[in-house]
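Asker: My structure file final-v2.txt, compact mmCIF, N, CA and C atoms, is below:
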# COMPACT_ATOMS: atom_id res chain seq x y z
N MET A 30 18.49 -35.28 23.31
CA MET A 30 17.44 -34.46 23.87
C MET A 30 17.80 -32.99 23.75
N PHE A 31 19.06 -32.63 23.95
CA PHE A 31 19.49 -31.24 23.84
C PHE A 31 19.27 -30.72 22.43
N ALA A 32 19.53 -31.53 21.41
CA ALA A 32 19.34 -31.11 20.02
C ALA A 32 17.86 -30.84 19.75
N LEU A 33 16.98 -31.63 20.29
CA LEU A 33 15.55 -31.41 20.09
C LEU A 33 15.11 -30.09 20.73
N LEU A 34 15.67 -29.77 21.85
CA LEU A 34 15.34 -28.53 22.53
C LEU A 34 15.75 -27.34 21.68
N LEU A 35 16.91 -27.38 21.05
CA LEU A 35 17.36 -26.29 20.18
C LEU A 35 16.46 -26.12 18.97
N VAL A 36 16.04 -27.23 18.38
CA VAL A 36 15.16 -27.17 17.23
C VAL A 36 13.82 -26.56 17.63
N GLY A 37 13.31 -26.92 18.76
CA GLY A 37 12.03 -26.40 19.23
C GLY A 37 12.08 -24.91 19.51
N CYS A 38 13.23 -24.34 19.83
CA CYS A 38 13.35 -22.93 20.15
C CYS A 38 13.68 -22.06 18.94
N SER A 39 13.99 -22.69 17.81
CA SER A 39 14.40 -21.89 16.66
C SER A 39 13.21 -21.12 16.11
N SER A 40 13.48 -19.94 15.61
CA SER A 40 12.44 -19.10 15.02
C SER A 40 12.21 -19.53 13.58
N THR A 41 10.96 -19.48 13.17
CA THR A 41 10.62 -19.81 11.80
C THR A 41 10.47 -18.52 11.01
N TYR A 42 11.14 -18.44 9.88
CA TYR A 42 11.04 -17.29 8.99
C TYR A 42 10.34 -17.71 7.71
N HIS A 43 9.56 -16.79 7.16
CA HIS A 43 8.85 -17.06 5.91
C HIS A 43 9.13 -15.93 4.92
N THR A 44 8.99 -16.25 3.66
CA THR A 44 9.18 -15.26 2.61
C THR A 44 7.87 -14.54 2.33
N ILE A 45 7.96 -13.23 2.26
CA ILE A 45 6.83 -12.40 1.84
C ILE A 45 7.20 -11.78 0.50
N ARG A 46 6.41 -12.06 -0.51
CA ARG A 46 6.61 -11.43 -1.82
C ARG A 46 5.78 -10.15 -1.83
N LEU A 47 6.44 -9.02 -2.06
CA LEU A 47 5.79 -7.71 -2.14
C LEU A 47 5.61 -7.38 -3.62
N VAL A 48 4.39 -7.00 -4.02
CA VAL A 48 4.10 -6.72 -5.42
C VAL A 48 3.41 -5.36 -5.51
N ASN A 49 3.94 -4.49 -6.36
CA ASN A 49 3.36 -3.16 -6.55
C ASN A 49 2.48 -3.15 -7.79
N ARG A 50 1.17 -3.07 -7.61
CA ARG A 50 0.22 -2.96 -8.72
C ARG A 50 -0.38 -1.55 -8.79
N SER A 51 0.26 -0.58 -8.14
CA SER A 51 -0.18 0.81 -8.29
C SER A 51 0.58 1.43 -9.47
N ASP A 52 0.19 2.64 -9.86
CA ASP A 52 0.82 3.26 -11.02
C ASP A 52 1.99 4.17 -10.65
N ARG A 53 2.47 4.11 -9.41
CA ARG A 53 3.61 4.92 -8.99
C ARG A 53 4.55 4.08 -8.14
N ALA A 54 5.75 4.59 -7.97
CA ALA A 54 6.75 3.87 -7.17
C ALA A 54 6.35 3.86 -5.70
N ILE A 55 6.73 2.80 -5.04
CA ILE A 55 6.62 2.72 -3.58
C ILE A 55 8.05 2.90 -3.08
N GLU A 56 8.26 3.96 -2.30
CA GLU A 56 9.62 4.30 -1.87
C GLU A 56 10.06 3.57 -0.61
N GLN A 57 9.11 3.15 0.22
CA GLN A 57 9.47 2.45 1.45
C GLN A 57 8.40 1.42 1.78
N VAL A 58 8.85 0.26 2.26
CA VAL A 58 7.95 -0.77 2.78
C VAL A 58 8.50 -1.21 4.13
N PHE A 59 7.69 -1.03 5.17
CA PHE A 59 8.08 -1.44 6.51
C PHE A 59 7.27 -2.68 6.88
N ILE A 60 7.95 -3.66 7.45
CA ILE A 60 7.30 -4.88 7.93
C ILE A 60 7.83 -5.12 9.33
N TYR A 61 6.93 -5.20 10.30
CA TYR A 61 7.36 -5.30 11.70
C TYR A 61 6.30 -6.05 12.50
N PRO A 62 6.69 -6.63 13.63
CA PRO A 62 5.72 -7.36 14.45
C PRO A 62 4.58 -6.42 14.87
N THR A 63 3.36 -6.91 14.80
CA THR A 63 2.20 -6.11 15.18
C THR A 63 2.36 -5.58 16.59
N GLY A 64 2.09 -4.29 16.74
CA GLY A 64 2.18 -3.64 18.04
C GLY A 64 3.54 -3.06 18.36
N SER A 65 4.54 -3.35 17.55
CA SER A 65 5.89 -2.84 17.81
C SER A 65 5.96 -1.35 17.50
N LYS A 66 6.58 -0.58 18.38
CA LYS A 66 6.77 0.85 18.14
C LYS A 66 7.94 1.07 17.18
N ASP A 67 8.86 0.13 17.12
CA ASP A 67 10.01 0.23 16.23
C ASP A 67 9.68 -0.41 14.89
N HIS A 68 9.54 0.40 13.87
CA HIS A 68 9.21 -0.12 12.54
C HIS A 68 10.44 -0.59 11.79
N GLY A 69 11.63 -0.27 12.31
CA GLY A 69 12.87 -0.70 11.68
C GLY A 69 13.11 0.04 10.37
N ALA A 70 14.05 -0.46 9.62
CA ALA A 70 14.40 0.13 8.33
C ALA A 70 13.44 -0.37 7.26
N SER A 71 13.33 0.40 6.18
CA SER A 71 12.52 -0.03 5.05
C SER A 71 13.09 -1.33 4.49
N ARG A 72 12.20 -2.23 4.09
CA ARG A 72 12.61 -3.54 3.57
C ARG A 72 12.71 -3.58 2.05
N ALA A 73 12.08 -2.58 1.37
CA ALA A 73 12.08 -2.63 -0.09
C ALA A 73 11.64 -1.30 -0.69
N THR A 74 12.01 -1.11 -1.94
CA THR A 74 11.43 -0.09 -2.81
C THR A 74 10.91 -0.82 -4.03
N LEU A 75 9.79 -0.34 -4.57
CA LEU A 75 9.16 -1.07 -5.67
C LEU A 75 8.72 -0.10 -6.76
N ALA A 76 9.21 -0.29 -7.96
CA ALA A 76 8.71 0.44 -9.11
C ALA A 76 7.32 -0.10 -9.43
N PRO A 77 6.52 0.60 -10.24
CA PRO A 77 5.23 0.04 -10.65
C PRO A 77 5.42 -1.33 -11.31
N ASN A 78 4.59 -2.28 -10.93
CA ASN A 78 4.60 -3.66 -11.43
C ASN A 78 5.85 -4.45 -11.04
N ALA A 79 6.64 -3.95 -10.11
CA ALA A 79 7.82 -4.68 -9.64
C ALA A 79 7.47 -5.50 -8.40
N SER A 80 8.36 -6.42 -8.05
CA SER A 80 8.18 -7.22 -6.84
C SER A 80 9.51 -7.39 -6.14
N ALA A 81 9.45 -7.76 -4.87
CA ALA A 81 10.64 -8.04 -4.07
C ALA A 81 10.27 -9.07 -3.02
N ASP A 82 11.22 -9.88 -2.63
CA ASP A 82 11.01 -10.87 -1.57
C ASP A 82 11.75 -10.46 -0.32
N VAL A 83 11.10 -10.61 0.83
CA VAL A 83 11.73 -10.35 2.12
C VAL A 83 11.42 -11.51 3.05
N LYS A 84 12.30 -11.74 3.99
CA LYS A 84 12.10 -12.79 5.00
C LYS A 84 11.63 -12.12 6.28
N MET A 85 10.68 -12.76 6.96
CA MET A 85 10.15 -12.21 8.21
C MET A 85 9.80 -13.36 9.13
N LYS A 86 9.97 -13.12 10.40
CA LYS A 86 9.64 -14.11 11.42
C LYS A 86 8.14 -14.36 11.43
N ALA A 87 7.74 -15.60 11.61
CA ALA A 87 6.33 -15.99 11.65
C ALA A 87 5.61 -15.24 12.76
N GLY A 88 4.31 -15.03 12.56
CA GLY A 88 3.48 -14.34 13.54
C GLY A 88 2.68 -13.24 12.88
N ASN A 89 2.03 -12.42 13.67
CA ASN A 89 1.27 -11.30 13.14
C ASN A 89 2.22 -10.15 12.85
N VAL A 90 2.15 -9.63 11.63
CA VAL A 90 3.03 -8.53 11.22
C VAL A 90 2.20 -7.43 10.57
N ASP A 91 2.67 -6.20 10.77
CA ASP A 91 2.09 -5.04 10.10
C ASP A 91 2.95 -4.73 8.89
N VAL A 92 2.28 -4.36 7.80
CA VAL A 92 2.96 -3.99 6.56
C VAL A 92 2.51 -2.57 6.24
N GLU A 93 3.46 -1.68 6.05
CA GLU A 93 3.14 -0.29 5.73
C GLU A 93 3.96 0.14 4.52
N ALA A 94 3.28 0.69 3.51
CA ALA A 94 3.95 1.16 2.30
C ALA A 94 3.79 2.66 2.18
N VAL A 95 4.84 3.32 1.70
CA VAL A 95 4.84 4.76 1.50
C VAL A 95 5.18 5.00 0.03
N SER A 96 4.27 5.65 -0.69
CA SER A 96 4.48 5.85 -2.13
C SER A 96 5.30 7.10 -2.39
N ALA A 97 5.75 7.22 -3.62
CA ALA A 97 6.37 8.46 -4.08
C ALA A 97 5.29 9.54 -4.06
N LYS A 98 5.71 10.79 -4.04
CA LYS A 98 4.74 11.89 -4.05
C LYS A 98 3.93 11.86 -5.34
N VAL A 99 2.64 12.17 -5.20
CA VAL A 99 1.76 12.29 -6.36
C VAL A 99 1.17 13.68 -6.39
N ARG A 100 0.95 14.19 -7.59
CA ARG A 100 0.36 15.52 -7.75
C ARG A 100 -1.15 15.40 -7.66
N ILE A 101 -1.73 16.15 -6.74
CA ILE A 101 -3.18 16.17 -6.56
C ILE A 101 -3.80 17.25 -7.44
N ASP A 102 -3.20 18.43 -7.43
CA ASP A 102 -3.61 19.52 -8.30
C ASP A 102 -2.39 20.40 -8.54
N GLU A 103 -2.60 21.56 -9.12
CA GLU A 103 -1.46 22.42 -9.46
C GLU A 103 -0.62 22.84 -8.25
N LYS A 104 -1.24 22.89 -7.10
CA LYS A 104 -0.54 23.37 -5.91
C LYS A 104 -0.24 22.29 -4.88
N THR A 105 -0.82 21.12 -5.03
CA THR A 105 -0.75 20.13 -3.97
C THR A 105 -0.13 18.82 -4.44
N LYS A 106 0.81 18.32 -3.63
CA LYS A 106 1.35 16.97 -3.81
C LYS A 106 1.16 16.24 -2.49
N GLU A 107 1.04 14.94 -2.55
CA GLU A 107 0.94 14.17 -1.31
C GLU A 107 1.67 12.84 -1.47
N ARG A 108 2.06 12.30 -0.33
CA ARG A 108 2.70 10.99 -0.27
C ARG A 108 1.68 10.05 0.35
N ARG A 109 1.19 9.10 -0.42
CA ARG A 109 0.16 8.19 0.06
C ARG A 109 0.78 7.04 0.86
N THR A 110 0.02 6.56 1.84
CA THR A 110 0.44 5.39 2.60
C THR A 110 -0.68 4.36 2.59
N ALA A 111 -0.30 3.12 2.74
CA ALA A 111 -1.25 2.01 2.82
C ALA A 111 -0.70 1.02 3.83
N SER A 112 -1.58 0.42 4.62
CA SER A 112 -1.09 -0.52 5.62
C SER A 112 -2.11 -1.60 5.89
N GLY A 113 -1.62 -2.68 6.45
CA GLY A 113 -2.48 -3.79 6.82
C GLY A 113 -1.73 -4.73 7.74
N THR A 114 -2.47 -5.64 8.33
CA THR A 114 -1.90 -6.64 9.23
C THR A 114 -2.16 -8.02 8.64
N ILE A 115 -1.14 -8.86 8.65
CA ILE A 115 -1.31 -10.23 8.17
C ILE A 115 -0.79 -11.20 9.21
N GLU A 116 -1.36 -12.39 9.20
CA GLU A 116 -0.86 -13.48 10.03
C GLU A 116 0.07 -14.30 9.15
N LEU A 117 1.34 -14.27 9.48
CA LEU A 117 2.35 -14.93 8.67
C LEU A 117 2.58 -16.34 9.22
N LYS A 118 1.99 -17.34 8.52
CA LYS A 118 2.12 -18.74 8.92
C LYS A 118 2.91 -19.55 7.91
N GLY A 119 3.22 -18.93 6.78
CA GLY A 119 3.93 -19.59 5.70
C GLY A 119 4.25 -18.53 4.66
N PRO A 120 4.74 -18.92 3.50
CA PRO A 120 5.02 -17.94 2.45
C PRO A 120 3.74 -17.14 2.15
N ALA A 121 3.91 -15.85 1.89
CA ALA A 121 2.77 -14.99 1.64
C ALA A 121 3.10 -14.01 0.52
N GLU A 122 2.05 -13.44 -0.05
CA GLU A 122 2.20 -12.42 -1.07
C GLU A 122 1.37 -11.22 -0.64
N VAL A 123 1.96 -10.03 -0.70
CA VAL A 123 1.26 -8.79 -0.39
C VAL A 123 1.21 -7.98 -1.68
N ILE A 124 -0.02 -7.68 -2.12
CA ILE A 124 -0.21 -6.95 -3.37
C ILE A 124 -0.74 -5.56 -3.04
N PHE A 125 0.04 -4.53 -3.37
CA PHE A 125 -0.36 -3.14 -3.17
C PHE A 125 -1.08 -2.67 -4.43
N HIS A 126 -2.25 -2.03 -4.24
CA HIS A 126 -2.98 -1.50 -5.39
C HIS A 126 -3.79 -0.28 -4.96
N ASP A 127 -4.35 0.43 -5.95
CA ASP A 127 -5.11 1.65 -5.69
C ASP A 127 -6.60 1.35 -5.58
N SER A 128 -7.30 2.13 -4.74
CA SER A 128 -8.73 1.91 -4.53
C SER A 128 -9.58 2.28 -5.74
N ASN A 129 -9.05 3.10 -6.65
CA ASN A 129 -9.84 3.48 -7.82
C ASN A 129 -9.65 2.51 -9.00
N GLN A 130 -9.00 1.40 -8.76
CA GLN A 130 -8.81 0.36 -9.77
C GLN A 130 -9.38 -0.95 -9.24
N PRO A 131 -9.83 -1.85 -10.13
CA PRO A 131 -10.29 -3.15 -9.63
C PRO A 131 -9.13 -3.91 -8.98
N PRO A 132 -9.41 -4.69 -7.96
CA PRO A 132 -8.32 -5.46 -7.34
C PRO A 132 -7.67 -6.38 -8.37
N PRO A 133 -6.35 -6.49 -8.36
CA PRO A 133 -5.68 -7.38 -9.31
C PRO A 133 -6.10 -8.83 -9.06
N PRO A 134 -6.14 -9.66 -10.12
CA PRO A 134 -6.62 -11.03 -9.97
C PRO A 134 -5.80 -11.87 -8.98
N GLU A 135 -4.51 -11.56 -8.82
CA GLU A 135 -3.70 -12.40 -7.93
C GLU A 135 -4.09 -12.30 -6.46
N VAL A 136 -4.94 -11.32 -6.08
CA VAL A 136 -5.36 -11.24 -4.68
C VAL A 136 -6.27 -12.40 -4.30
N ARG A 137 -6.76 -13.14 -5.29
CA ARG A 137 -7.61 -14.30 -5.00
C ARG A 137 -6.82 -15.57 -4.69
N LYS A 138 -5.52 -15.52 -4.88
CA LYS A 138 -4.69 -16.70 -4.63
C LYS A 138 -4.62 -16.99 -3.13
N PRO A 139 -4.43 -18.26 -2.76
CA PRO A 139 -4.22 -18.57 -1.34
C PRO A 139 -2.98 -17.84 -0.82
N ASN A 140 -3.02 -17.39 0.38
CA ASN A 140 -1.91 -16.69 1.04
C ASN A 140 -1.58 -15.35 0.40
N ALA A 141 -2.52 -14.77 -0.36
CA ALA A 141 -2.33 -13.43 -0.93
C ALA A 141 -3.11 -12.44 -0.09
N HIS A 142 -2.54 -11.27 0.08
CA HIS A 142 -3.15 -10.22 0.90
C HIS A 142 -3.11 -8.91 0.12
N ALA A 143 -4.26 -8.27 -0.04
CA ALA A 143 -4.32 -6.99 -0.73
C ALA A 143 -4.18 -5.86 0.28
N ILE A 144 -3.32 -4.91 -0.02
CA ILE A 144 -3.19 -3.70 0.79
C ILE A 144 -3.42 -2.54 -0.18
N THR A 145 -4.40 -1.69 0.16
CA THR A 145 -4.91 -0.71 -0.78
C THR A 145 -4.52 0.71 -0.42
N PHE A 146 -4.01 1.43 -1.43
CA PHE A 146 -3.80 2.87 -1.31
C PHE A 146 -5.15 3.54 -1.61
N ARG A 147 -5.62 4.38 -0.71
CA ARG A 147 -6.87 5.09 -0.94
C ARG A 147 -6.61 6.24 -1.91
N VAL A 148 -7.39 6.24 -2.99
CA VAL A 148 -7.27 7.28 -4.01
C VAL A 148 -8.63 7.94 -4.14
N ASP A 149 -8.71 9.21 -3.77
CA ASP A 149 -9.96 9.95 -3.89
C ASP A 149 -10.13 10.45 -5.32
N ASP A 150 -11.38 10.56 -5.75
CA ASP A 150 -11.64 11.12 -7.07
C ASP A 150 -11.20 12.58 -7.09
N PRO A 151 -10.63 13.04 -8.20
CA PRO A 151 -10.23 14.45 -8.26
C PRO A 151 -11.45 15.35 -8.20
N PRO A 152 -11.29 16.57 -7.67
CA PRO A 152 -12.43 17.47 -7.65
C PRO A 152 -12.84 17.82 -9.08
N PRO A 153 -14.12 18.06 -9.31
CA PRO A 153 -14.55 18.36 -10.67
C PRO A 153 -13.94 19.68 -11.15
N GLU A 154 -13.64 19.71 -12.43
CA GLU A 154 -13.12 20.93 -13.04
C GLU A 154 -14.25 21.94 -13.14
N PRO A 155 -13.97 23.22 -12.89
CA PRO A 155 -15.04 24.20 -13.08
C PRO A 155 -15.43 24.25 -14.56
N ASP A 156 -16.72 24.40 -14.80
CA ASP A 156 -17.22 24.44 -16.17
C ASP A 156 -16.86 25.79 -16.77
N GLN A 157 -16.03 25.76 -17.80
CA GLN A 157 -15.54 26.99 -18.41
C GLN A 157 -16.65 27.73 -19.16
N GLU A 158 -17.69 27.03 -19.58
CA GLU A 158 -18.74 27.68 -20.34
C GLU A 158 -19.74 28.42 -19.46
N MET A 159 -19.74 28.13 -18.18
CA MET A 159 -20.69 28.81 -17.30
C MET A 159 -20.20 30.23 -17.02
N LEU A 160 -21.06 31.17 -17.24
CA LEU A 160 -20.75 32.58 -16.97
C LEU A 160 -21.59 33.04 -15.80
N PRO A 161 -21.13 34.10 -15.11
CA PRO A 161 -21.96 34.59 -14.00
C PRO A 161 -23.31 35.08 -14.52
N ILE A 162 -24.32 34.87 -13.72
CA ILE A 162 -25.66 35.29 -14.11
C ILE A 162 -25.80 36.79 -13.82
N GLU A 163 -26.22 37.52 -14.84
CA GLU A 163 -26.43 38.96 -14.69
C GLU A 163 -27.87 39.19 -14.25
N PRO A 164 -28.08 40.16 -13.39
CA PRO A 164 -29.49 40.43 -13.00
C PRO A 164 -30.24 40.98 -14.21
N ASP A 165 -31.52 40.68 -14.25
CA ASP A 165 -32.38 41.19 -15.34
C ASP A 165 -32.40 42.71 -15.30
N THR A 166 -32.33 43.30 -16.47
CA THR A 166 -32.42 44.77 -16.54
C THR A 166 -33.84 45.14 -16.97
N PRO A 167 -34.44 46.08 -16.26
CA PRO A 167 -35.81 46.44 -16.65
C PRO A 167 -35.81 47.14 -18.01
N ALA A 168 -36.87 46.94 -18.76
CA ALA A 168 -37.02 47.57 -20.09
C ALA A 168 -37.33 49.06 -19.90
N PRO A 169 -36.76 49.94 -20.79
CA PRO A 169 -37.07 51.38 -20.64
C PRO A 169 -38.47 51.76 -21.02
Translate the structure described by the file into structure tokens.

Answerer:
Amino acid sequence: MFALLLVGCSSTYHTIRLVNRSDRAIEQVFIYPTGSKDHGASRATLAPNASADVKMKAGNVDVEAVSAKVRIDEKTKERRTASGTIELKGPAEVIFHDSNQPPPPEVRKPNAHAITFRVDDPPPEPDQEMLPIEPDTPAP
């Protein structure tokens, strides 16, 4: 009976496969119980199209990814983040991708979860051919 009690109290851990389908490196991936203020240490870094496996205790978990800096324009760089919550009941796959690309086909697999980096369209380039309008000059 004592052995059964120990088995019943043991924590179940599952593997989460992290997959980077964005076009830039992901420098940090945090996975922590939902609602926890302590996000702990980063669990992985992922080059574009790379993957990594991590073990996590079953339950609801938050996944947060922080990408490498990206250039927005000549003066601006930003570090994008993406996050989501999953219910971890067994092995799972988390696929990170950009909002300006179609979702990768593997997000349709059972136990796959898409987490999306929001990518805004770049501002339009000013039209170089447009010149300022000069006021009409009256004829002499």

Asker: Which residues come within 12 Å of Thr44 (chain A), counting only C-alpha atoms, excluding same-chain residues fewer than 3 positions away, as a list of chain:residue names?

Answerer: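 Near Thr44 (chain A), the qualifying residues are A:Thr41, A:Leu47, A:Ile60, A:Ala81, A:Asp82, A:Val83, A:Lys84, A:Met85, A:Lys86, A:Ala87, A:Leu117, A:Lys118, A:Gly119, A:Pro120, A:Ala121, A:Glu122, A:Val123, A:Asn140.
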
Asker: What's the separation between atom N of Arg109 (chain A) and atom C of Ala143 (chain A), in Å to one decimal place?

Answerer: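 Atom-to-atom, atom N of Arg109 (chain A) to atom C of Ala143 (chain A), that is 15.9 Å.
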
Asker: In Å, with one decimal, what is the gap from CA of Pro139 (chain A) to atom C of Glu56 (chain A)?

Answerer: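 That distance, rounded to one decimal, is 26.4 Å.
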
Asker: Report, as lines of an AutoDock Vina configuration file, the centre and edge lengths in Å (one decimal) of the axis-aligned box enclosing every listed atom of region 96-110 of chain A, padded by 5 Å on each side.

Answerer:
center_x = 1.3
center_y = 13.9
center_z = -3.4
size_x = 20.2
size_y = 29.0
size_z = 22.1

Asker: Sorted by chain and rising residue number, which residues of region 67-115 of chain A lie within 5 Å of region 52-55 of chain A, and what are their closest atom pairs and distances in Å to one decimal, counting all atoms listed in the file, as JSON lines?

Answerer:
{"residue": "A:Thr74", "atom": "CA", "partner": "A:Ile55", "partner_atom": "C", "distance": 4.5}
{"residue": "A:Leu75", "atom": "C", "partner": "A:Ile55", "partner_atom": "N", "distance": 3.9}
{"residue": "A:Ala76", "atom": "CA", "partner": "A:Ala54", "partner_atom": "CA", "distance": 4.4}
{"residue": "A:Pro77", "atom": "N", "partner": "A:Ala54", "partner_atom": "CA", "distance": 4.5}
{"residue": "A:Val95", "atom": "C", "partner": "A:Ile55", "partner_atom": "CA", "distance": 4.5}
{"residue": "A:Ser96", "atom": "CA", "partner": "A:Ile55", "partner_atom": "CA", "distance": 4.1}
{"residue": "A:Ala97", "atom": "N", "partner": "A:Ala54", "partner_atom": "C", "distance": 4.0}

Asker: Apply DSSP to the structure's backbone, then extract all residues of region 97-153 of chain A labelled strand (DSSP E or B) and return them as a list in words.

Answerer: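 Those residues are Ala97, Lys98, Val99, Arg100, Lys106, Glu107, Arg108, Arg109, Thr110, Ala111, Ser112, Gly113, Thr114, Ile115, Glu116, Leu117, Ala121, Glu122, Val123, Ile124, Phe125, His126, Asp127, Ala141, His142, Ala143, Ile144, Thr145 and Phe146 of chain A.
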
Asker: Could those selected residues go to a file with N, CA and C atoms, as a PDB file, in the frame of the given file?

Answerer:
ATOM      1  N   ALA A  97       5.750   7.220  -3.620  1.00  0.00           N
ATOM      2  CA  ALA A  97       6.370   8.460  -4.080  1.00  0.00           C
ATOM      3  C   ALA A  97       5.290   9.540  -4.060  1.00  0.00           C
ATOM      4  N   LYS A  98       5.710  10.790  -4.040  1.00  0.00           N
ATOM      5  CA  LYS A  98       4.740  11.890  -4.050  1.00  0.00           C
ATOM      6  C   LYS A  98       3.930  11.860  -5.340  1.00  0.00           C
ATOM      7  N   VAL A  99       2.640  12.170  -5.200  1.00  0.00           N
ATOM      8  CA  VAL A  99       1.760  12.290  -6.360  1.00  0.00           C
ATOM      9  C   VAL A  99       1.170  13.680  -6.390  1.00  0.00           C
ATOM     10  N   ARG A 100       0.950  14.190  -7.590  1.00  0.00           N
ATOM     11  CA  ARG A 100       0.360  15.520  -7.750  1.00  0.00           C
ATOM     12  C   ARG A 100      -1.150  15.400  -7.660  1.00  0.00           C
ATOM     13  N   LYS A 106       0.810  18.320  -3.630  1.00  0.00           N
ATOM     14  CA  LYS A 106       1.350  16.970  -3.810  1.00  0.00           C
ATOM     15  C   LYS A 106       1.160  16.240  -2.490  1.00  0.00           C
ATOM     16  N   GLU A 107       1.040  14.940  -2.550  1.00  0.00           N
ATOM     17  CA  GLU A 107       0.940  14.170  -1.310  1.00  0.00           C
ATOM     18  C   GLU A 107       1.670  12.840  -1.470  1.00  0.00           C
ATOM     19  N   ARG A 108       2.060  12.300  -0.330  1.00  0.00           N
ATOM     20  CA  ARG A 108       2.700  10.990  -0.270  1.00  0.00           C
ATOM     21  C   ARG A 108       1.680  10.050   0.350  1.00  0.00           C
ATOM     22  N   ARG A 109       1.190   9.100  -0.420  1.00  0.00           N
ATOM     23  CA  ARG A 109       0.160   8.190   0.060  1.00  0.00           C
ATOM     24  C   ARG A 109       0.780   7.040   0.860  1.00  0.00           C
ATOM     25  N   THR A 110       0.020   6.560   1.840  1.00  0.00           N
ATOM     26  CA  THR A 110       0.440   5.390   2.600  1.00  0.00           C
ATOM     27  C   THR A 110      -0.680   4.360   2.590  1.00  0.00           C
ATOM     28  N   ALA A 111      -0.300   3.120   2.740  1.00  0.00           N
ATOM     29  CA  ALA A 111      -1.250   2.010   2.820  1.00  0.00           C
ATOM     30  C   ALA A 111      -0.700   1.020   3.830  1.00  0.00           C
ATOM     31  N   SER A 112      -1.580   0.420   4.620  1.00  0.00           N
ATOM     32  CA  SER A 112      -1.090  -0.520   5.620  1.00  0.00           C
ATOM     33  C   SER A 112      -2.110  -1.600   5.890  1.00  0.00           C
ATOM     34  N   GLY A 113      -1.620  -2.680   6.450  1.00  0.00           N
ATOM     35  CA  GLY A 113      -2.480  -3.790   6.820  1.00  0.00           C
ATOM     36  C   GLY A 113      -1.730  -4.730   7.740  1.00  0.00           C
ATOM     37  N   THR A 114      -2.470  -5.640   8.330  1.00  0.00           N
ATOM     38  CA  THR A 114      -1.900  -6.640   9.230  1.00  0.00           C
ATOM     39  C   THR A 114      -2.160  -8.020   8.640  1.00  0.00           C
ATOM     40  N   ILE A 115      -1.140  -8.860   8.650  1.00  0.00           N
ATOM     41  CA  ILE A 115      -1.310 -10.230   8.170  1.00  0.00           C
ATOM     42  C   ILE A 115      -0.790 -11.200   9.210  1.00  0.00           C
ATOM     43  N   GLU A 116      -1.360 -12.390   9.200  1.00  0.00           N
ATOM     44  CA  GLU A 116      -0.860 -13.480  10.030  1.00  0.00           C
ATOM     45  C   GLU A 116       0.070 -14.300   9.150  1.00  0.00           C
ATOM     46  N   LEU A 117       1.340 -14.270   9.480  1.00  0.00           N
ATOM     47  CA  LEU A 117       2.350 -14.930   8.670  1.00  0.00           C
ATOM     48  C   LEU A 117       2.580 -16.340   9.220  1.00  0.00           C
ATOM     49  N   ALA A 121       3.910 -15.850   1.890  1.00  0.00           N
ATOM     50  CA  ALA A 121       2.770 -14.990   1.640  1.00  0.00           C
ATOM     51  C   ALA A 121       3.100 -14.010   0.520  1.00  0.00           C
ATOM     52  N   GLU A 122       2.050 -13.440  -0.050  1.00  0.00           N
ATOM     53  CA  GLU A 122       2.200 -12.420  -1.070  1.00  0.00           C
ATOM     54  C   GLU A 122       1.370 -11.220  -0.640  1.00  0.00           C
ATOM     55  N   VAL A 123       1.960 -10.030  -0.700  1.00  0.00           N
ATOM     56  CA  VAL A 123       1.260  -8.790  -0.390  1.00  0.00           C
ATOM     57  C   VAL A 123       1.210  -7.980  -1.680  1.00  0.00           C
ATOM     58  N   ILE A 124      -0.020  -7.680  -2.120  1.00  0.00           N
ATOM     59  CA  ILE A 124      -0.210  -6.950  -3.370  1.00  0.00           C
ATOM     60  C   ILE A 124      -0.740  -5.560  -3.040  1.00  0.00           C
ATOM     61  N   PHE A 125       0.040  -4.530  -3.370  1.00  0.00           N
ATOM     62  CA  PHE A 125      -0.360  -3.140  -3.170  1.00  0.00           C
ATOM     63  C   PHE A 125      -1.080  -2.670  -4.430  1.00  0.00           C
ATOM     64  N   HIS A 126      -2.250  -2.030  -4.240  1.00  0.00           N
ATOM     65  CA  HIS A 126      -2.980  -1.500  -5.390  1.00  0.00           C
ATOM     66  C   HIS A 126      -3.790  -0.280  -4.960  1.00  0.00           C
ATOM     67  N   ASP A 127      -4.350   0.430  -5.950  1.00  0.00           N
ATOM     68  CA  ASP A 127      -5.110   1.650  -5.690  1.00  0.00           C
ATOM     69  C   ASP A 127      -6.600   1.350  -5.580  1.00  0.00           C
ATOM     70  N   ALA A 141      -2.520 -14.770  -0.360  1.00  0.00           N
ATOM     71  CA  ALA A 141      -2.330 -13.430  -0.930  1.00  0.00           C
ATOM     72  C   ALA A 141      -3.110 -12.440  -0.090  1.00  0.00           C
ATOM     73  N   HIS A 142      -2.540 -11.270   0.080  1.00  0.00           N
ATOM     74  CA  HIS A 142      -3.150 -10.220   0.900  1.00  0.00           C
ATOM     75  C   HIS A 142      -3.110  -8.910   0.120  1.00  0.00           C
ATOM     76  N   ALA A 143      -4.260  -8.270  -0.040  1.00  0.00           N
ATOM     77  CA  ALA A 143      -4.320  -6.990  -0.730  1.00  0.00           C
ATOM     78  C   ALA A 143      -4.180  -5.860   0.280  1.00  0.00           C
ATOM     79  N   ILE A 144      -3.320  -4.910  -0.020  1.00  0.00           N
ATOM     80  CA  ILE A 144      -3.190  -3.700   0.790  1.00  0.00           C
ATOM     81  C   ILE A 144      -3.420  -2.540  -0.180  1.00  0.00           C
ATOM     82  N   THR A 145      -4.400  -1.690   0.160  1.00  0.00           N
ATOM     83  CA  THR A 145      -4.910  -0.710  -0.780  1.00  0.00           C
ATOM     84  C   THR A 145      -4.520   0.710  -0.420  1.00  0.00           C
ATOM     85  N   PHE A 146      -4.010   1.430  -1.430  1.00  0.00           N
ATOM     86  CA  PHE A 146      -3.800   2.870  -1.310  1.00  0.00           C
ATOM     87  C   PHE A 146      -5.150   3.540  -1.610  1.00  0.00           C
TER      88      PHE A 146
END

Asker: Please determine the residues with any atom at most 6.5 Å from (0.0, -8.5, 13.9) (coordinates as given in the file, with only N, CA and C atoms counting) and report them as a PyMOL selection string.

Answerer: chain A and resi 62-64+88-91+114-116
